[in-house]
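Chemist: What follows is upload.pdb, PDB, C-alpha atoms.
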```pdb
ATOM      1  CA  MET G 231      21.151 -67.724  -9.653  1.00  0.00           C
ATOM      2  CA  GLN G 232      21.390 -71.007  -7.732  1.00  0.00           C
ATOM      3  CA  PRO G 233      17.870 -72.219  -8.657  1.00  0.00           C
ATOM      4  CA  LEU G 234      18.743 -71.675 -12.324  1.00  0.00           C
ATOM      5  CA  ILE G 235      21.959 -73.656 -11.941  1.00  0.00           C
ATOM      6  CA  ASP G 236      20.132 -76.455 -10.137  1.00  0.00           C
ATOM      7  CA  ASN G 237      17.543 -76.667 -12.912  1.00  0.00           C
ATOM      8  CA  ALA G 238      20.261 -76.670 -15.607  1.00  0.00           C
ATOM      9  CA  ARG G 239      21.919 -79.630 -13.865  1.00  0.00           C
ATOM     10  CA  MET G 240      18.624 -81.548 -13.763  1.00  0.00           C
ATOM     11  CA  PHE G 241      17.800 -80.572 -17.347  1.00  0.00           C
ATOM     12  CA  GLY G 242      20.852 -82.415 -18.655  1.00  0.00           C
ATOM     13  CA  GLN G 243      19.769 -85.633 -16.910  1.00  0.00           C
ATOM     14  CA  ARG G 244      17.194 -86.463 -19.641  1.00  0.00           C
ATOM     15  CA  PRO G 245      19.298 -86.975 -22.814  1.00  0.00           C
ATOM     16  CA  GLU G 246      16.701 -89.256 -24.394  1.00  0.00           C
ATOM     17  CA  GLU G 247      14.333 -86.280 -24.705  1.00  0.00           C
ATOM     18  CA  PHE G 248      16.844 -84.321 -26.746  1.00  0.00           C
ATOM     19  CA  ALA G 249      18.704 -86.888 -28.881  1.00  0.00           C
ATOM     20  CA  GLY G 250      16.627 -86.109 -31.986  1.00  0.00           C
ATOM     21  CA  HIS G 251      17.660 -82.457 -31.915  1.00  0.00           C
ATOM     22  CA  ALA G 252      21.147 -83.427 -33.086  1.00  0.00           C
ATOM     23  CA  GLU G 253      19.685 -84.236 -36.512  1.00  0.00           C
ATOM     24  CA  GLY G 254      18.873 -80.571 -37.239  1.00  0.00           C
ATOM     25  CA  GLN G 255      16.079 -78.104 -36.865  1.00  0.00           C
ATOM     26  CA  SER G 256      12.958 -77.296 -38.835  1.00  0.00           C
ATOM     27  CA  PRO G 257      11.064 -74.636 -36.896  1.00  0.00           C
ATOM     28  CA  GLU G 258       7.659 -73.577 -38.157  1.00  0.00           C
ATOM     29  CA  VAL G 259       7.736 -69.990 -36.942  1.00  0.00           C
ATOM     30  CA  LEU G 260      10.154 -67.086 -36.675  1.00  0.00           C
ATOM     31  CA  PHE G 261       9.064 -65.438 -33.425  1.00  0.00           C
ATOM     32  CA  ILE G 262      10.312 -61.849 -33.093  1.00  0.00           C
ATOM     33  CA  THR G 263       9.782 -60.356 -29.682  1.00  0.00           C
ATOM     34  CA  CYS G 264      11.286 -58.137 -27.032  1.00  0.00           C
ATOM     35  CA  SER G 265      14.259 -59.054 -24.869  1.00  0.00           C
ATOM     36  CA  ASP G 266      12.075 -58.364 -21.822  1.00  0.00           C
ATOM     37  CA  SER G 267      12.463 -61.196 -19.293  1.00  0.00           C
ATOM     38  CA  ARG G 268       8.686 -61.364 -18.752  1.00  0.00           C
ATOM     39  CA  VAL G 269       8.105 -62.400 -22.371  1.00  0.00           C
ATOM     40  CA  VAL G 270       8.870 -66.108 -22.837  1.00  0.00           C
ATOM     41  CA  PRO G 271       7.814 -67.282 -26.315  1.00  0.00           C
ATOM     42  CA  ALA G 272       7.892 -71.021 -25.567  1.00  0.00           C
ATOM     43  CA  LEU G 273       5.844 -70.481 -22.413  1.00  0.00           C
ATOM     44  CA  ILE G 274       3.300 -68.279 -24.213  1.00  0.00           C
ATOM     45  CA  THR G 275       2.907 -70.673 -27.160  1.00  0.00           C
ATOM     46  CA  GLY G 276       3.566 -73.997 -25.459  1.00  0.00           C
ATOM     47  CA  ALA G 277       6.225 -74.697 -28.097  1.00  0.00           C
ATOM     48  CA  ARG G 278       8.676 -77.514 -27.501  1.00  0.00           C
ATOM     49  CA  PRO G 279      12.333 -77.187 -28.531  1.00  0.00           C
ATOM     50  CA  GLY G 280      12.733 -76.934 -32.293  1.00  0.00           C
ATOM     51  CA  ARG G 281       9.370 -75.332 -33.091  1.00  0.00           C
ATOM     52  CA  LEU G 282      10.259 -71.623 -32.754  1.00  0.00           C
ATOM     53  CA  PHE G 283      13.201 -69.766 -34.220  1.00  0.00           C
ATOM     54  CA  GLU G 284      13.495 -66.732 -31.970  1.00  0.00           C
ATOM     55  CA  LEU G 285      14.759 -63.225 -32.525  1.00  0.00           C
ATOM     56  CA  ARG G 286      14.727 -61.109 -29.394  1.00  0.00           C
ATOM     57  CA  THR G 287      15.624 -57.447 -29.523  1.00  0.00           C
ATOM     58  CA  ALA G 288      15.014 -54.494 -27.236  1.00  0.00           C
ATOM     59  CA  GLY G 289      11.528 -53.354 -28.164  1.00  0.00           C
ATOM     60  CA  ASN G 290      11.095 -56.183 -30.725  1.00  0.00           C
ATOM     61  CA  ILE G 291      12.598 -53.785 -33.254  1.00  0.00           C
ATOM     62  CA  VAL G 292      13.277 -55.005 -36.781  1.00  0.00           C
ATOM     63  CA  PRO G 293      16.100 -52.820 -38.107  1.00  0.00           C
ATOM     64  CA  PRO G 294      16.005 -51.493 -41.655  1.00  0.00           C
ATOM     65  CA  HIS G 295      17.271 -53.887 -44.306  1.00  0.00           C
ATOM     66  CA  ASP G 296      20.708 -52.726 -45.407  1.00  0.00           C
ATOM     67  CA  SER G 297      22.635 -55.199 -47.559  1.00  0.00           C
ATOM     68  CA  ALA G 298      25.763 -53.031 -47.320  1.00  0.00           C
ATOM     69  CA  HIS G 299      25.771 -53.255 -43.506  1.00  0.00           C
ATOM     70  CA  PRO G 300      24.084 -56.507 -42.447  1.00  0.00           C
ATOM     71  CA  SER G 301      23.087 -56.892 -38.814  1.00  0.00           C
ATOM     72  CA  GLY G 302      22.670 -59.938 -36.621  1.00  0.00           C
ATOM     73  CA  GLU G 303      18.924 -59.349 -36.735  1.00  0.00           C
ATOM     74  CA  ALA G 304      18.907 -59.296 -40.544  1.00  0.00           C
ATOM     75  CA  ALA G 305      20.991 -62.482 -40.623  1.00  0.00           C
ATOM     76  CA  THR G 306      18.526 -64.195 -38.276  1.00  0.00           C
ATOM     77  CA  ILE G 307      15.550 -63.169 -40.408  1.00  0.00           C
ATOM     78  CA  GLU G 308      17.243 -64.218 -43.642  1.00  0.00           C
ATOM     79  CA  TYR G 309      18.335 -67.572 -42.206  1.00  0.00           C
ATOM     80  CA  ALA G 310      14.868 -68.344 -40.842  1.00  0.00           C
ATOM     81  CA  VAL G 311      13.142 -67.479 -44.113  1.00  0.00           C
ATOM     82  CA  GLN G 312      15.673 -68.632 -46.728  1.00  0.00           C
ATOM     83  CA  VAL G 313      17.380 -71.597 -45.092  1.00  0.00           C
ATOM     84  CA  LEU G 314      14.917 -72.938 -42.536  1.00  0.00           C
ATOM     85  CA  GLY G 315      11.865 -72.069 -44.639  1.00  0.00           C
ATOM     86  CA  VAL G 316       9.597 -70.960 -41.796  1.00  0.00           C
ATOM     87  CA  GLY G 317       6.001 -70.599 -42.907  1.00  0.00           C
ATOM     88  CA  ASP G 318       5.049 -67.922 -40.412  1.00  0.00           C
ATOM     89  CA  ILE G 319       6.575 -64.874 -38.764  1.00  0.00           C
ATOM     90  CA  VAL G 320       5.115 -63.493 -35.542  1.00  0.00           C
ATOM     91  CA  VAL G 321       6.075 -60.051 -34.262  1.00  0.00           C
ATOM     92  CA  CYS G 322       4.998 -59.981 -30.626  1.00  0.00           C
ATOM     93  CA  GLY G 323       4.972 -56.761 -28.645  1.00  0.00           C
ATOM     94  CA  HIS G 324       3.993 -56.605 -24.997  1.00  0.00           C
ATOM     95  CA  SER G 325       2.388 -54.430 -22.385  1.00  0.00           C
ATOM     96  CA  HIS G 326       4.565 -52.367 -20.076  1.00  0.00           C
ATOM     97  CA  CYS G 327       7.296 -52.228 -22.744  1.00  0.00           C
ATOM     98  CA  GLY G 328      10.126 -50.026 -21.530  1.00  0.00           C
ATOM     99  CA  ALA G 329      11.458 -49.396 -25.046  1.00  0.00           C
ATOM    100  CA  VAL G 330       8.155 -48.254 -26.536  1.00  0.00           C
ATOM    101  CA  GLY G 331       7.337 -46.365 -23.346  1.00  0.00           C
ATOM    102  CA  ALA G 332      10.634 -44.475 -23.603  1.00  0.00           C
ATOM    103  CA  LEU G 333       9.860 -43.532 -27.210  1.00  0.00           C
ATOM    104  CA  VAL G 334       6.321 -42.405 -26.398  1.00  0.00           C
ATOM    105  CA  ARG G 335       7.421 -40.346 -23.407  1.00  0.00           C
ATOM    106  CA  GLY G 336      10.503 -38.973 -25.151  1.00  0.00           C
ATOM    107  CA  ASP G 337      12.718 -40.128 -22.281  1.00  0.00           C
ATOM    108  CA  ASP G 338      16.228 -38.739 -22.048  1.00  0.00           C
ATOM    109  CA  LEU G 339      18.437 -41.725 -22.907  1.00  0.00           C
ATOM    110  CA  THR G 340      21.815 -39.979 -22.976  1.00  0.00           C
ATOM    111  CA  ALA G 341      23.021 -42.178 -20.093  1.00  0.00           C
ATOM    112  CA  VAL G 342      22.399 -45.274 -22.249  1.00  0.00           C
ATOM    113  CA  PRO G 343      23.633 -44.281 -25.719  1.00  0.00           C
ATOM    114  CA  ALA G 344      23.482 -47.792 -27.199  1.00  0.00           C
ATOM    115  CA  VAL G 345      19.822 -48.064 -26.153  1.00  0.00           C
ATOM    116  CA  ARG G 346      19.100 -44.573 -27.526  1.00  0.00           C
ATOM    117  CA  ASP G 347      20.735 -45.394 -30.852  1.00  0.00           C
ATOM    118  CA  TRP G 348      19.001 -48.788 -31.093  1.00  0.00           C
ATOM    119  CA  LEU G 349      15.581 -47.248 -30.459  1.00  0.00           C
ATOM    120  CA  ALA G 350      16.226 -44.889 -33.372  1.00  0.00           C
ATOM    121  CA  HIS G 351      15.606 -47.999 -35.564  1.00  0.00           C
ATOM    122  CA  ALA G 352      11.982 -48.222 -34.405  1.00  0.00           C
ATOM    123  CA  ALA G 353      10.588 -47.569 -37.942  1.00  0.00           C
ATOM    124  CA  ASP G 354       7.744 -45.170 -37.130  1.00  0.00           C
ATOM    125  CA  GLU G 355       7.340 -43.263 -33.938  1.00  0.00           C
ATOM    126  CA  PRO G 356       4.914 -45.258 -31.793  1.00  0.00           C
ATOM    127  CA  LYS G 357       1.427 -43.846 -31.711  1.00  0.00           C
ATOM    128  CA  PRO G 358       1.023 -41.318 -28.909  1.00  0.00           C
ATOM    129  CA  CYS G 359      -0.884 -42.609 -25.938  1.00  0.00           C
ATOM    130  CA  ASP G 360      -1.790 -41.568 -22.435  1.00  0.00           C
ATOM    131  CA  PRO G 361       1.580 -41.172 -20.674  1.00  0.00           C
ATOM    132  CA  ALA G 362      -0.099 -42.220 -17.439  1.00  0.00           C
ATOM    133  CA  ASP G 363      -1.017 -45.629 -18.954  1.00  0.00           C
ATOM    134  CA  PRO G 364       1.787 -47.983 -17.885  1.00  0.00           C
ATOM    135  CA  THR G 365       0.742 -50.645 -20.424  1.00  0.00           C
ATOM    136  CA  VAL G 366       1.352 -48.334 -23.424  1.00  0.00           C
ATOM    137  CA  ALA G 367      -0.964 -50.787 -25.212  1.00  0.00           C
ATOM    138  CA  GLU G 368      -2.028 -48.655 -28.155  1.00  0.00           C
ATOM    139  CA  ALA G 369       1.531 -47.474 -28.829  1.00  0.00           C
ATOM    140  CA  VAL G 370       2.914 -51.021 -28.635  1.00  0.00           C
ATOM    141  CA  GLN G 371       0.270 -52.334 -31.008  1.00  0.00           C
ATOM    142  CA  HIS G 372       1.034 -49.564 -33.503  1.00  0.00           C
ATOM    143  CA  HIS G 373       4.736 -50.370 -33.092  1.00  0.00           C
ATOM    144  CA  VAL G 374       4.121 -54.078 -33.864  1.00  0.00           C
ATOM    145  CA  LEU G 375       2.392 -53.125 -37.118  1.00  0.00           C
ATOM    146  CA  ALA G 376       5.306 -50.841 -38.046  1.00  0.00           C
ATOM    147  CA  GLN G 377       7.748 -53.726 -37.524  1.00  0.00           C
ATOM    148  CA  LEU G 378       5.628 -56.013 -39.710  1.00  0.00           C
ATOM    149  CA  LEU G 379       5.724 -53.381 -42.431  1.00  0.00           C
ATOM    150  CA  ARG G 380       9.494 -53.060 -42.004  1.00  0.00           C
ATOM    151  CA  LEU G 381       9.857 -56.841 -42.449  1.00  0.00           C
ATOM    152  CA  ARG G 382       8.251 -56.562 -45.880  1.00  0.00           C
ATOM    153  CA  SER G 383      11.286 -54.546 -47.026  1.00  0.00           C
ATOM    154  CA  TYR G 384      13.545 -57.588 -46.558  1.00  0.00           C
ATOM    155  CA  PRO G 385      13.999 -59.188 -50.012  1.00  0.00           C
ATOM    156  CA  CYS G 386      13.701 -62.747 -48.691  1.00  0.00           C
ATOM    157  CA  VAL G 387      10.438 -61.901 -46.906  1.00  0.00           C
ATOM    158  CA  GLU G 388       9.030 -60.006 -49.875  1.00  0.00           C
ATOM    159  CA  LYS G 389       9.824 -62.937 -52.195  1.00  0.00           C
ATOM    160  CA  ARG G 390       8.236 -65.584 -49.951  1.00  0.00           C
ATOM    161  CA  LEU G 391       5.143 -63.415 -49.330  1.00  0.00           C
ATOM    162  CA  ALA G 392       4.694 -62.894 -53.078  1.00  0.00           C
ATOM    163  CA  ALA G 393       4.924 -66.661 -53.600  1.00  0.00           C
ATOM    164  CA  GLY G 394       2.257 -67.253 -50.930  1.00  0.00           C
ATOM    165  CA  ARG G 395       4.713 -69.288 -48.850  1.00  0.00           C
ATOM    166  CA  LEU G 396       4.898 -66.999 -45.819  1.00  0.00           C
ATOM    167  CA  ARG G 397       2.340 -65.510 -43.447  1.00  0.00           C
ATOM    168  CA  MET G 398       2.944 -62.685 -40.978  1.00  0.00           C
ATOM    169  CA  HIS G 399       1.178 -62.079 -37.682  1.00  0.00           C
ATOM    170  CA  GLY G 400       1.148 -59.211 -35.210  1.00  0.00           C
ATOM    171  CA  TRP G 401       0.633 -60.188 -31.571  1.00  0.00           C
ATOM    172  CA  TYR G 402       0.289 -58.216 -28.372  1.00  0.00           C
ATOM    173  CA  TYR G 403       0.992 -59.967 -25.063  1.00  0.00           C
ATOM    174  CA  GLU G 404      -0.229 -58.620 -21.725  1.00  0.00           C
ATOM    175  CA  VAL G 405       2.448 -59.372 -19.147  1.00  0.00           C
ATOM    176  CA  HIS G 406       0.019 -58.655 -16.304  1.00  0.00           C
ATOM    177  CA  THR G 407      -2.720 -61.074 -17.457  1.00  0.00           C
ATOM    178  CA  GLY G 408      -1.113 -63.558 -19.881  1.00  0.00           C
ATOM    179  CA  LEU G 409      -3.676 -62.607 -22.544  1.00  0.00           C
ATOM    180  CA  VAL G 410      -2.516 -62.654 -26.172  1.00  0.00           C
ATOM    181  CA  ARG G 411      -4.189 -60.576 -28.866  1.00  0.00           C
ATOM    182  CA  GLN G 412      -3.632 -60.896 -32.622  1.00  0.00           C
ATOM    183  CA  HIS G 413      -4.031 -58.144 -35.187  1.00  0.00           C
ATOM    184  CA  ARG G 414      -6.875 -58.821 -37.580  1.00  0.00           C
ATOM    185  CA  ALA G 415      -6.633 -57.083 -40.924  1.00  0.00           C
ATOM    186  CA  ASP G 416     -10.391 -57.199 -41.523  1.00  0.00           C
ATOM    187  CA  THR G 417     -11.135 -55.158 -38.383  1.00  0.00           C
ATOM    188  CA  ASP G 418      -7.721 -53.446 -38.076  1.00  0.00           C
ATOM    189  CA  ALA G 419      -7.805 -54.298 -34.380  1.00  0.00           C
ATOM    190  CA  PHE G 420      -5.957 -56.530 -31.947  1.00  0.00           C
ATOM    191  CA  GLU G 421      -8.403 -59.188 -30.805  1.00  0.00           C
ATOM    192  CA  THR G 422      -8.067 -62.046 -28.346  1.00  0.00           C
ATOM    193  CA  LEU G 423      -6.702 -65.212 -29.953  1.00  0.00           C
TER
END
```
Would you mind writing the structure in this file as structure tokens?
Modeler:
Amino acid sequence: MQPLIDNARMFGQRPEEFAGHAEGQSPEVLFITCSDSRVVPALITGARPGRLFELRTAGNIVPPHDSAHPSGEAATIEYAVQVLGVGDIVVCGHSHCGAVGALVRGDDLTAVPAVRDWLAHAADEPKPCDPADPTVAEAVQHHVLAQLLRLRSYPCVEKRLAAGRLRMHGWYYEVHTGLVRQHRADTDAFETL
């Protein structure tokens, strides 16, 4: 923890770099990804503060839209799209994902009931894959596409897509190589950016 504290102290010694942030934010992208500590959106994209509006959930899950029972995730999506007017949404899954791996393997999650219940929001069951493959690549990629489809059920997303003012992207990040792949509709495959 001490190195993190030391860096935080040094970080606050450069106020001139951050003064403009007090005027507000206008991020270009809503970046939805996993809570996994190995996935760092600003590091992957090279984004400076203010460029990404991030939503991080276990397994980069987008919960179902339910106006009667709004969630923090739904509020984040709605705010990014309606208020901030992001032009792009990226759903980024990653290799070695514990959440998707647990779904694929059918792990017993009774000891972690909140995790079990959260993973029930995964939209579709991830595509079966070789349980011996620790990357769970194919299942994660299928899962990313399911979350993109789920996003389309959000009224604010549907409206902006119909108006041609929003684009959606499915990414797959390899934590063991740093490689990023993007889903291409024309080939229905995840290809290197």
Chemist: One number please: CA of Asp418 (chain G) to CA of Ala310 (chain G), in Å, one decimal.
Modeler: 27.2 Å
Chemist: Would you kindly return, as a PyMOL selection string, each protein, DNA or RNA residue with an atom no farther than 12 Å from any atom of Val330 (chain G), considering only C-alpha atoms and excluding same-chain residues fewer than 6 positions away?
Modeler: chain G and resi 264+266+288-291+323-324+336-337+345-346+348-359+361+364-374
Chemist: Work out how far apart CA of Gly394 (chain G) and CA of Asp416 (chain G) are and give it in Å to one decimal.
Modeler: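 CA of Asp416 (chain G) lies at a distance of 18.7 Å from CA of Gly394 (chain G).
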Chemist: Between CA of Gly280 (chain G) and CA of Ala252 (chain G), what is the spacing in Å?
Modeler: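 CA of Ala252 (chain G) sits 10.7 Å away from CA of Gly280 (chain G).
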Chemist: Here is a test: counting only C-alpha atoms, which residue of G:Arg281, G:Arg244, G:His326, G:His399 is nearest to Leu314 (chain G)?
Modeler: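 Nearest candidate to Leu314 (chain G) out of G:Arg281, G:Arg244, G:His326, G:His399: G:Arg281.
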Chemist: Given the file above and the PyMOL selection byres ((chain G and resi 320) around 12), which residues are selected, and can you give them as an MDAnalysis selection string?
Modeler: chainID G and resid 258:264 271 275 282:286 290 292 307 316:319 321:323 374:375 377:378 381 396:403 411:413
Chemist: Generate a file of the selected residues that holds C-alpha atoms, formatted as a short mmCIF file (atom, residue, chain, number, x, y, z; two decimals), in the coordinates of the input.
Modeler:
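The resulting file, part-v9.cif, is shown below:
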```
data_model
loop_
_atom_site.label_atom_id
_atom_site.label_comp_id
_atom_site.auth_asym_id
_atom_site.auth_seq_id
_atom_site.Cartn_x
_atom_site.Cartn_y
_atom_site.Cartn_z
CA GLU G 258 7.66 -73.58 -38.16
CA VAL G 259 7.74 -69.99 -36.94
CA LEU G 260 10.15 -67.09 -36.67
CA PHE G 261 9.06 -65.44 -33.42
CA ILE G 262 10.31 -61.85 -33.09
CA THR G 263 9.78 -60.36 -29.68
CA CYS G 264 11.29 -58.14 -27.03
CA PRO G 271 7.81 -67.28 -26.32
CA THR G 275 2.91 -70.67 -27.16
CA LEU G 282 10.26 -71.62 -32.75
CA PHE G 283 13.20 -69.77 -34.22
CA GLU G 284 13.50 -66.73 -31.97
CA LEU G 285 14.76 -63.22 -32.52
CA ARG G 286 14.73 -61.11 -29.39
CA ASN G 290 11.10 -56.18 -30.72
CA VAL G 292 13.28 -55.00 -36.78
CA ILE G 307 15.55 -63.17 -40.41
CA VAL G 316 9.60 -70.96 -41.80
CA GLY G 317 6.00 -70.60 -42.91
CA ASP G 318 5.05 -67.92 -40.41
CA ILE G 319 6.58 -64.87 -38.76
CA VAL G 321 6.08 -60.05 -34.26
CA CYS G 322 5.00 -59.98 -30.63
CA GLY G 323 4.97 -56.76 -28.64
CA VAL G 374 4.12 -54.08 -33.86
CA LEU G 375 2.39 -53.12 -37.12
CA GLN G 377 7.75 -53.73 -37.52
CA LEU G 378 5.63 -56.01 -39.71
CA LEU G 381 9.86 -56.84 -42.45
CA LEU G 396 4.90 -67.00 -45.82
CA ARG G 397 2.34 -65.51 -43.45
CA MET G 398 2.94 -62.68 -40.98
CA HIS G 399 1.18 -62.08 -37.68
CA GLY G 400 1.15 -59.21 -35.21
CA TRP G 401 0.63 -60.19 -31.57
CA TYR G 402 0.29 -58.22 -28.37
CA TYR G 403 0.99 -59.97 -25.06
CA ARG G 411 -4.19 -60.58 -28.87
CA GLN G 412 -3.63 -60.90 -32.62
CA HIS G 413 -4.03 -58.14 -35.19
#
```
Chemist: Can I get region 343-352 of chain G with all heavy atoms filled in, as a PDB file, keeping the file's coordinate frame?
Modeler:
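The result, written out as result_22.pdb:
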```pdb
ATOM      1  N   PRO G 343      23.574 -44.631 -24.297  1.00  0.00           N
ATOM      2  CA  PRO G 343      23.633 -44.281 -25.719  1.00  0.00           C
ATOM      3  C   PRO G 343      23.367 -45.445 -26.671  1.00  0.00           C
ATOM      4  O   PRO G 343      22.794 -45.240 -27.753  1.00  0.00           O
ATOM      5  CB  PRO G 343      25.044 -43.710 -25.903  1.00  0.00           C
ATOM      6  CG  PRO G 343      25.825 -44.214 -24.728  1.00  0.00           C
ATOM      7  CD  PRO G 343      24.835 -44.407 -23.614  1.00  0.00           C
ATOM      8  N   ALA G 344      23.761 -46.650 -26.321  1.00  0.00           N
ATOM      9  CA  ALA G 344      23.482 -47.792 -27.199  1.00  0.00           C
ATOM     10  C   ALA G 344      21.976 -48.036 -27.280  1.00  0.00           C
ATOM     11  O   ALA G 344      21.441 -48.332 -28.361  1.00  0.00           O
ATOM     12  CB  ALA G 344      24.204 -49.048 -26.705  1.00  0.00           C
ATOM     13  N   VAL G 345      21.285 -47.916 -26.165  1.00  0.00           N
ATOM     14  CA  VAL G 345      19.822 -48.064 -26.153  1.00  0.00           C
ATOM     15  C   VAL G 345      19.198 -46.955 -26.991  1.00  0.00           C
ATOM     16  O   VAL G 345      18.335 -47.206 -27.841  1.00  0.00           O
ATOM     17  CB  VAL G 345      19.267 -48.040 -24.707  1.00  0.00           C
ATOM     18  CG1 VAL G 345      17.751 -48.013 -24.715  1.00  0.00           C
ATOM     19  CG2 VAL G 345      19.789 -49.230 -23.920  1.00  0.00           C
ATOM     20  N   ARG G 346      19.628 -45.722 -26.772  1.00  0.00           N
ATOM     21  CA  ARG G 346      19.100 -44.573 -27.526  1.00  0.00           C
ATOM     22  C   ARG G 346      19.265 -44.795 -29.024  1.00  0.00           C
ATOM     23  O   ARG G 346      18.319 -44.614 -29.799  1.00  0.00           O
ATOM     24  CB  ARG G 346      19.831 -43.298 -27.098  1.00  0.00           C
ATOM     25  CG  ARG G 346      19.378 -42.055 -27.851  1.00  0.00           C
ATOM     26  CD  ARG G 346      20.370 -40.908 -27.719  1.00  0.00           C
ATOM     27  NE  ARG G 346      21.661 -41.323 -28.275  1.00  0.00           N
ATOM     28  CZ  ARG G 346      22.837 -41.020 -27.728  1.00  0.00           C
ATOM     29  NH1 ARG G 346      22.911 -40.304 -26.628  1.00  0.00           N
ATOM     30  NH2 ARG G 346      23.960 -41.432 -28.290  1.00  0.00           N
ATOM     31  N   ASP G 347      20.469 -45.212 -29.431  1.00  0.00           N
ATOM     32  CA  ASP G 347      20.735 -45.394 -30.852  1.00  0.00           C
ATOM     33  C   ASP G 347      19.963 -46.582 -31.427  1.00  0.00           C
ATOM     34  O   ASP G 347      19.536 -46.555 -32.586  1.00  0.00           O
ATOM     35  CB  ASP G 347      22.230 -45.559 -31.099  1.00  0.00           C
ATOM     36  CG  ASP G 347      23.011 -44.280 -30.764  1.00  0.00           C
ATOM     37  OD1 ASP G 347      22.385 -43.212 -30.538  1.00  0.00           O
ATOM     38  OD2 ASP G 347      24.255 -44.358 -30.691  1.00  0.00           O
ATOM     39  N   TRP G 348      19.788 -47.638 -30.636  1.00  0.00           N
ATOM     40  CA  TRP G 348      19.001 -48.788 -31.093  1.00  0.00           C
ATOM     41  C   TRP G 348      17.543 -48.395 -31.294  1.00  0.00           C
ATOM     42  O   TRP G 348      16.929 -48.739 -32.302  1.00  0.00           O
ATOM     43  CB  TRP G 348      19.107 -49.954 -30.114  1.00  0.00           C
ATOM     44  CG  TRP G 348      18.198 -51.083 -30.477  1.00  0.00           C
ATOM     45  CD1 TRP G 348      17.074 -51.475 -29.823  1.00  0.00           C
ATOM     46  CD2 TRP G 348      18.309 -51.941 -31.611  1.00  0.00           C
ATOM     47  NE1 TRP G 348      16.474 -52.527 -30.483  1.00  0.00           N
ATOM     48  CE2 TRP G 348      17.217 -52.824 -31.586  1.00  0.00           C
ATOM     49  CE3 TRP G 348      19.220 -52.045 -32.654  1.00  0.00           C
ATOM     50  CZ2 TRP G 348      17.018 -53.805 -32.552  1.00  0.00           C
ATOM     51  CZ3 TRP G 348      19.018 -53.022 -33.623  1.00  0.00           C
ATOM     52  CH2 TRP G 348      17.930 -53.884 -33.564  1.00  0.00           C
ATOM     53  N   LEU G 349      16.989 -47.642 -30.360  1.00  0.00           N
ATOM     54  CA  LEU G 349      15.581 -47.248 -30.459  1.00  0.00           C
ATOM     55  C   LEU G 349      15.325 -46.332 -31.652  1.00  0.00           C
ATOM     56  O   LEU G 349      14.190 -46.236 -32.120  1.00  0.00           O
ATOM     57  CB  LEU G 349      15.107 -46.593 -29.166  1.00  0.00           C
ATOM     58  CG  LEU G 349      15.066 -47.509 -27.936  1.00  0.00           C
ATOM     59  CD1 LEU G 349      14.513 -46.764 -26.734  1.00  0.00           C
ATOM     60  CD2 LEU G 349      14.270 -48.776 -28.198  1.00  0.00           C
ATOM     61  N   ALA G 350      16.373 -45.716 -32.171  1.00  0.00           N
ATOM     62  CA  ALA G 350      16.226 -44.889 -33.372  1.00  0.00           C
ATOM     63  C   ALA G 350      15.823 -45.741 -34.579  1.00  0.00           C
ATOM     64  O   ALA G 350      15.334 -45.218 -35.580  1.00  0.00           O
ATOM     65  CB  ALA G 350      17.524 -44.138 -33.664  1.00  0.00           C
ATOM     66  N   HIS G 351      15.995 -47.074 -34.489  1.00  0.00           N
ATOM     67  CA  HIS G 351      15.606 -47.999 -35.564  1.00  0.00           C
ATOM     68  C   HIS G 351      14.129 -48.389 -35.495  1.00  0.00           C
ATOM     69  O   HIS G 351      13.706 -49.284 -36.218  1.00  0.00           O
ATOM     70  CB  HIS G 351      16.417 -49.297 -35.487  1.00  0.00           C
ATOM     71  CG  HIS G 351      17.854 -49.150 -35.840  1.00  0.00           C
ATOM     72  ND1 HIS G 351      18.291 -48.720 -37.060  1.00  0.00           N
ATOM     73  CD2 HIS G 351      18.962 -49.383 -35.096  1.00  0.00           C
ATOM     74  CE1 HIS G 351      19.611 -48.704 -37.073  1.00  0.00           C
ATOM     75  NE2 HIS G 351      20.041 -49.091 -35.894  1.00  0.00           N
ATOM     76  N   ALA G 352      13.348 -47.764 -34.675  1.00  0.00           N
ATOM     77  CA  ALA G 352      11.982 -48.222 -34.405  1.00  0.00           C
ATOM     78  C   ALA G 352      11.020 -48.111 -35.580  1.00  0.00           C
ATOM     79  O   ALA G 352       9.856 -48.419 -35.423  1.00  0.00           O
ATOM     80  CB  ALA G 352      11.406 -47.489 -33.200  1.00  0.00           C
TER      81      ALA G 352
END
```
